[in-house]
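Notes follow once the structure below has been shown.
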Amino acid sequence: QVQLVESGGGLVQSGGSLRLSCAASGFTFSRYAMNWHRQAPGREREVIAGVTASGAGTNYADSVRGRFTISRDNVKKVIYLQMNSLRPDDTGTYYCNVVTTTGAYWGQGTRVTVSS
């Protein structure tokens, strides 16, 4: 079955960096676009970054553009989110997501806390 496992979250000071990873299994990874979502405390989950199946195309929410970079390794079946210049409002749980022909799937999330 489809499994997505995020890692790399933690506590970081404002201005710092983190790199999140999402290891995928159970589907043909190289065929599907992948996304990162974020859910801040008390707010709805929002999509913040996406990468095409090949990795050639990316898109970002305005709130993270220029600070975050999404990438993927189709051999390792992993996507990454490099997060730089972190701010307290980046605090939240980060989820990777894929929509395949059999449905939409989510990981369990990894928690990021940015202190001021």
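Following the order of the structure tokens, chains are lettered A, B, ..., residues in each are numbered from 1, and ligands are numbered from 1.
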Per residue of segment 11-97 of chain A within 12 Å of segment 104-109 of chain A, which atom pair is closest and at what distance in Å (one decimal), using only C-alpha atoms, listed by chain and increasing number, as a Markdown table?
| residue | atom | partner | partner_atom | distance |
| --- | --- | --- | --- | --- |
| A:Leu20 | CA | A:Gly109 | CA | 10.2 |
| A:Ser21 | CA | A:Gly109 | CA | 10.4 |
| A:Cys22 | CA | A:Gly107 | CA | 8.0 |
| A:Ala23 | CA | A:Gly107 | CA | 9.2 |
| A:Ala24 | CA | A:Gly107 | CA | 9.1 |
| A:Ser25 | CA | A:Gly107 | CA | 11.1 |
| A:Gly26 | CA | A:Tyr105 | CA | 10.9 |
| A:Phe27 | CA | A:Tyr105 | CA | 10.8 |
| A:Tyr32 | CA | A:Ala104 | CA | 11.3 |
| A:Ala33 | CA | A:Ala104 | CA | 11.6 |
| A:Met34 | CA | A:Tyr105 | CA | 10.2 |
| A:Asn35 | CA | A:Trp106 | CA | 9.7 |
| A:Trp36 | CA | A:Trp106 | CA | 9.6 |
| A:His37 | CA | A:Gly109 | CA | 9.2 |
| A:Arg38 | CA | A:Gly109 | CA | 8.9 |
| A:Gln39 | CA | A:Gly109 | CA | 9.4 |
| A:Ala40 | CA | A:Gly109 | CA | 11.9 |
| A:Arg45 | CA | A:Gly109 | CA | 11.4 |
| A:Gly92 | CA | A:Gly109 | CA | 9.6 |
| A:Thr93 | CA | A:Gly109 | CA | 5.8 |
| A:Tyr94 | CA | A:Gly109 | CA | 5.2 |
| A:Tyr95 | CA | A:Gly109 | CA | 4.5 |
| A:Cys96 | CA | A:Gly107 | CA | 5.8 |
| A:Asn97 | CA | A:Trp106 | CA | 4.7 |
For those residues, write N, CA, C and O atoms to a file as a JSON list (two decimals), in the first residue's frame.
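Result written to part.json:
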[["chain", "number", "residue", "atom", "x", "y", "z"],
["A", 20, "LEU", "N", 13.42, 18.92, 5.21],
["A", 20, "LEU", "CA", 12.48, 17.84, 5.43],
["A", 20, "LEU", "C", 12.62, 16.81, 4.31],
["A", 20, "LEU", "O", 12.94, 17.15, 3.17],
["A", 21, "SER", "N", 12.34, 15.57, 4.66],
["A", 21, "SER", "CA", 12.34, 14.49, 3.69],
["A", 21, "SER", "C", 11.03, 13.74, 3.77],
["A", 21, "SER", "O", 10.40, 13.69, 4.83],
["A", 22, "CYS", "N", 10.64, 13.14, 2.65],
["A", 22, "CYS", "CA", 9.46, 12.28, 2.62],
["A", 22, "CYS", "C", 9.80, 11.06, 1.78],
["A", 22, "CYS", "O", 10.01, 11.20, 0.57],
["A", 23, "ALA", "N", 9.87, 9.92, 2.43],
["A", 23, "ALA", "CA", 10.17, 8.67, 1.73],
["A", 23, "ALA", "C", 8.86, 8.00, 1.31],
["A", 23, "ALA", "O", 7.95, 7.86, 2.14],
["A", 24, "ALA", "N", 8.79, 7.63, 0.05],
["A", 24, "ALA", "CA", 7.56, 7.08, -0.52],
["A", 24, "ALA", "C", 7.74, 5.62, -0.91],
["A", 24, "ALA", "O", 8.83, 5.19, -1.29],
["A", 25, "SER", "N", 6.65, 4.87, -0.82],
["A", 25, "SER", "CA", 6.65, 3.48, -1.26],
["A", 25, "SER", "C", 5.22, 3.08, -1.60],
["A", 25, "SER", "O", 4.26, 3.75, -1.22],
["A", 26, "GLY", "N", 5.10, 1.98, -2.35],
["A", 26, "GLY", "CA", 3.78, 1.43, -2.63],
["A", 26, "GLY", "C", 3.11, 1.95, -3.89],
["A", 26, "GLY", "O", 1.96, 1.61, -4.15],
["A", 27, "PHE", "N", 3.82, 2.78, -4.65],
["A", 27, "PHE", "CA", 3.29, 3.26, -5.92],
["A", 27, "PHE", "C", 4.46, 3.62, -6.82],
["A", 27, "PHE", "O", 5.61, 3.67, -6.38],
["A", 32, "TYR", "N", 4.23, 10.45, -10.59],
["A", 32, "TYR", "CA", 3.28, 11.37, -9.95],
["A", 32, "TYR", "C", 3.95, 12.61, -9.39],
["A", 32, "TYR", "O", 5.04, 12.55, -8.81],
["A", 33, "ALA", "N", 3.24, 13.73, -9.56],
["A", 33, "ALA", "CA", 3.63, 14.94, -8.86],
["A", 33, "ALA", "C", 3.48, 14.72, -7.36],
["A", 33, "ALA", "O", 2.67, 13.92, -6.91],
["A", 34, "MET", "N", 4.26, 15.46, -6.61],
["A", 34, "MET", "CA", 4.22, 15.37, -5.16],
["A", 34, "MET", "C", 4.11, 16.76, -4.57],
["A", 34, "MET", "O", 4.55, 17.75, -5.17],
["A", 35, "ASN", "N", 3.54, 16.84, -3.39],
["A", 35, "ASN", "CA", 3.31, 18.13, -2.75],
["A", 35, "ASN", "C", 3.71, 18.12, -1.28],
["A", 35, "ASN", "O", 3.69, 17.07, -0.64],
["A", 36, "TRP", "N", 4.06, 19.29, -0.79],
["A", 36, "TRP", "CA", 4.19, 19.53, 0.65],
["A", 36, "TRP", "C", 3.05, 20.43, 1.09],
["A", 36, "TRP", "O", 2.75, 21.44, 0.42],
["A", 37, "HIS", "N", 2.45, 20.07, 2.20],
["A", 37, "HIS", "CA", 1.41, 20.88, 2.82],
["A", 37, "HIS", "C", 1.87, 21.25, 4.22],
["A", 37, "HIS", "O", 2.72, 20.57, 4.81],
["A", 38, "ARG", "N", 1.25, 22.27, 4.75],
["A", 38, "ARG", "CA", 1.57, 22.70, 6.11],
["A", 38, "ARG", "C", 0.26, 23.02, 6.84],
["A", 38, "ARG", "O", -0.66, 23.61, 6.27],
["A", 39, "GLN", "N", 0.22, 22.63, 8.11],
["A", 39, "GLN", "CA", -0.90, 23.01, 8.95],
["A", 39, "GLN", "C", -0.37, 23.72, 10.18],
["A", 39, "GLN", "O", 0.27, 23.10, 11.04],
["A", 40, "ALA", "N", -0.62, 25.01, 10.23],
["A", 40, "ALA", "CA", -0.21, 25.81, 11.38],
["A", 40, "ALA", "C", -1.22, 25.62, 12.50],
["A", 40, "ALA", "O", -2.39, 25.29, 12.24],
["A", 45, "ARG", "N", -5.06, 23.12, 6.84],
["A", 45, "ARG", "CA", -3.91, 22.66, 6.07],
["A", 45, "ARG", "C", -3.87, 23.37, 4.73],
["A", 45, "ARG", "O", -4.91, 23.54, 4.08],
["A", 92, "GLY", "N", 4.50, 24.69, 12.33],
["A", 92, "GLY", "CA", 3.36, 23.86, 11.99],
["A", 92, "GLY", "C", 3.79, 22.42, 11.75],
["A", 92, "GLY", "O", 4.96, 22.07, 11.93],
["A", 93, "THR", "N", 2.83, 21.62, 11.34],
["A", 93, "THR", "CA", 3.11, 20.25, 10.95],
["A", 93, "THR", "C", 3.13, 20.18, 9.43],
["A", 93, "THR", "O", 2.22, 20.66, 8.77],
["A", 94, "TYR", "N", 4.17, 19.57, 8.92],
["A", 94, "TYR", "CA", 4.39, 19.49, 7.48],
["A", 94, "TYR", "C", 4.11, 18.08, 6.99],
["A", 94, "TYR", "O", 4.59, 17.09, 7.57],
["A", 95, "TYR", "N", 3.32, 18.01, 5.93],
["A", 95, "TYR", "CA", 2.88, 16.74, 5.39],
["A", 95, "TYR", "C", 3.27, 16.64, 3.91],
["A", 95, "TYR", "O", 3.12, 17.62, 3.17],
["A", 96, "CYS", "N", 3.68, 15.47, 3.48],
["A", 96, "CYS", "CA", 3.79, 15.25, 2.04],
["A", 96, "CYS", "C", 2.54, 14.54, 1.56],
["A", 96, "CYS", "O", 1.83, 13.87, 2.34],
["A", 97, "ASN", "N", 2.27, 14.69, 0.30],
["A", 97, "ASN", "CA", 1.00, 14.26, -0.28],
["A", 97, "ASN", "C", 1.20, 13.84, -1.72],
["A", 97, "ASN", "O", 2.01, 14.44, -2.43]]
Problem set entry | Which of chain A DSSP labels strand (DSSP E), written as a count of residues only | 63
For this session: Identify, on the basis of only C-alpha atoms, every residue whose closest approach to segment 66-82 of chain A does not exceed 10 Å; exclude the query and any residue fewer than 2 positions from it along the same chain; express the result as a ChimeraX atom specification.
Result: /A:4-8,17-25,27-31,33-36,48-64,84-86,94,96
Go ahead and dump the residues you just picked, C-alpha atoms, as a compact mmCIF listing (two decimals), in the first residue's frame.
# COMPACT_ATOMS: atom_id res chain seq x y z
CA LEU A 4 4.63 8.35 2.90
CA VAL A 5 7.00 8.93 5.82
CA GLU A 6 8.15 12.45 6.65
CA SER A 7 11.21 13.28 8.70
CA GLY A 8 13.52 16.17 9.49
CA SER A 17 17.18 26.26 8.13
CA LEU A 18 15.79 22.75 8.06
CA ARG A 19 15.51 20.09 5.40
CA LEU A 20 12.48 17.84 5.43
CA SER A 21 12.34 14.49 3.69
CA CYS A 22 9.46 12.28 2.62
CA ALA A 23 10.17 8.67 1.73
CA ALA A 24 7.56 7.08 -0.52
CA SER A 25 6.65 3.48 -1.26
CA PHE A 27 3.29 3.26 -5.92
CA THR A 28 5.22 4.18 -9.06
CA PHE A 29 6.90 7.22 -7.59
CA SER A 30 8.30 8.65 -10.82
CA ARG A 31 4.83 8.92 -12.39
CA ALA A 33 3.63 14.94 -8.86
CA MET A 34 4.22 15.37 -5.16
CA ASN A 35 3.31 18.13 -2.75
CA TRP A 36 4.19 19.53 0.65
CA ILE A 48 2.93 25.22 0.09
CA ALA A 49 5.01 23.51 -2.60
CA GLY A 50 4.68 21.06 -5.45
CA VAL A 51 7.01 19.26 -7.82
CA THR A 52 6.18 17.56 -11.10
CA ALA A 53 6.77 13.86 -11.68
CA SER A 54 10.08 14.46 -13.43
CA GLY A 55 11.20 17.10 -10.99
CA ALA A 56 11.57 19.66 -13.73
CA GLY A 57 8.71 21.86 -12.57
CA THR A 58 7.98 23.34 -9.18
CA ASN A 59 5.50 25.76 -7.70
CA TYR A 60 5.20 27.52 -4.36
CA ALA A 61 2.77 29.38 -2.20
CA ASP A 62 3.51 33.08 -1.94
CA SER A 63 4.28 32.66 1.76
CA VAL A 64 7.30 30.41 1.09
CA ASN A 84 15.71 28.63 4.70
CA SER A 85 15.16 31.94 6.47
CA LEU A 86 12.58 30.31 8.70
CA TYR A 94 4.39 19.49 7.48
CA CYS A 96 3.79 15.25 2.04
Problem set entry | Given only C-alpha atoms as the counted atoms, nearest of A:Thr113, A:Ser14, A:Thr100, A:Thr91 to Val2 of chain A |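 With only C-alpha atoms as the atom set, the closest residue is A:Thr100.
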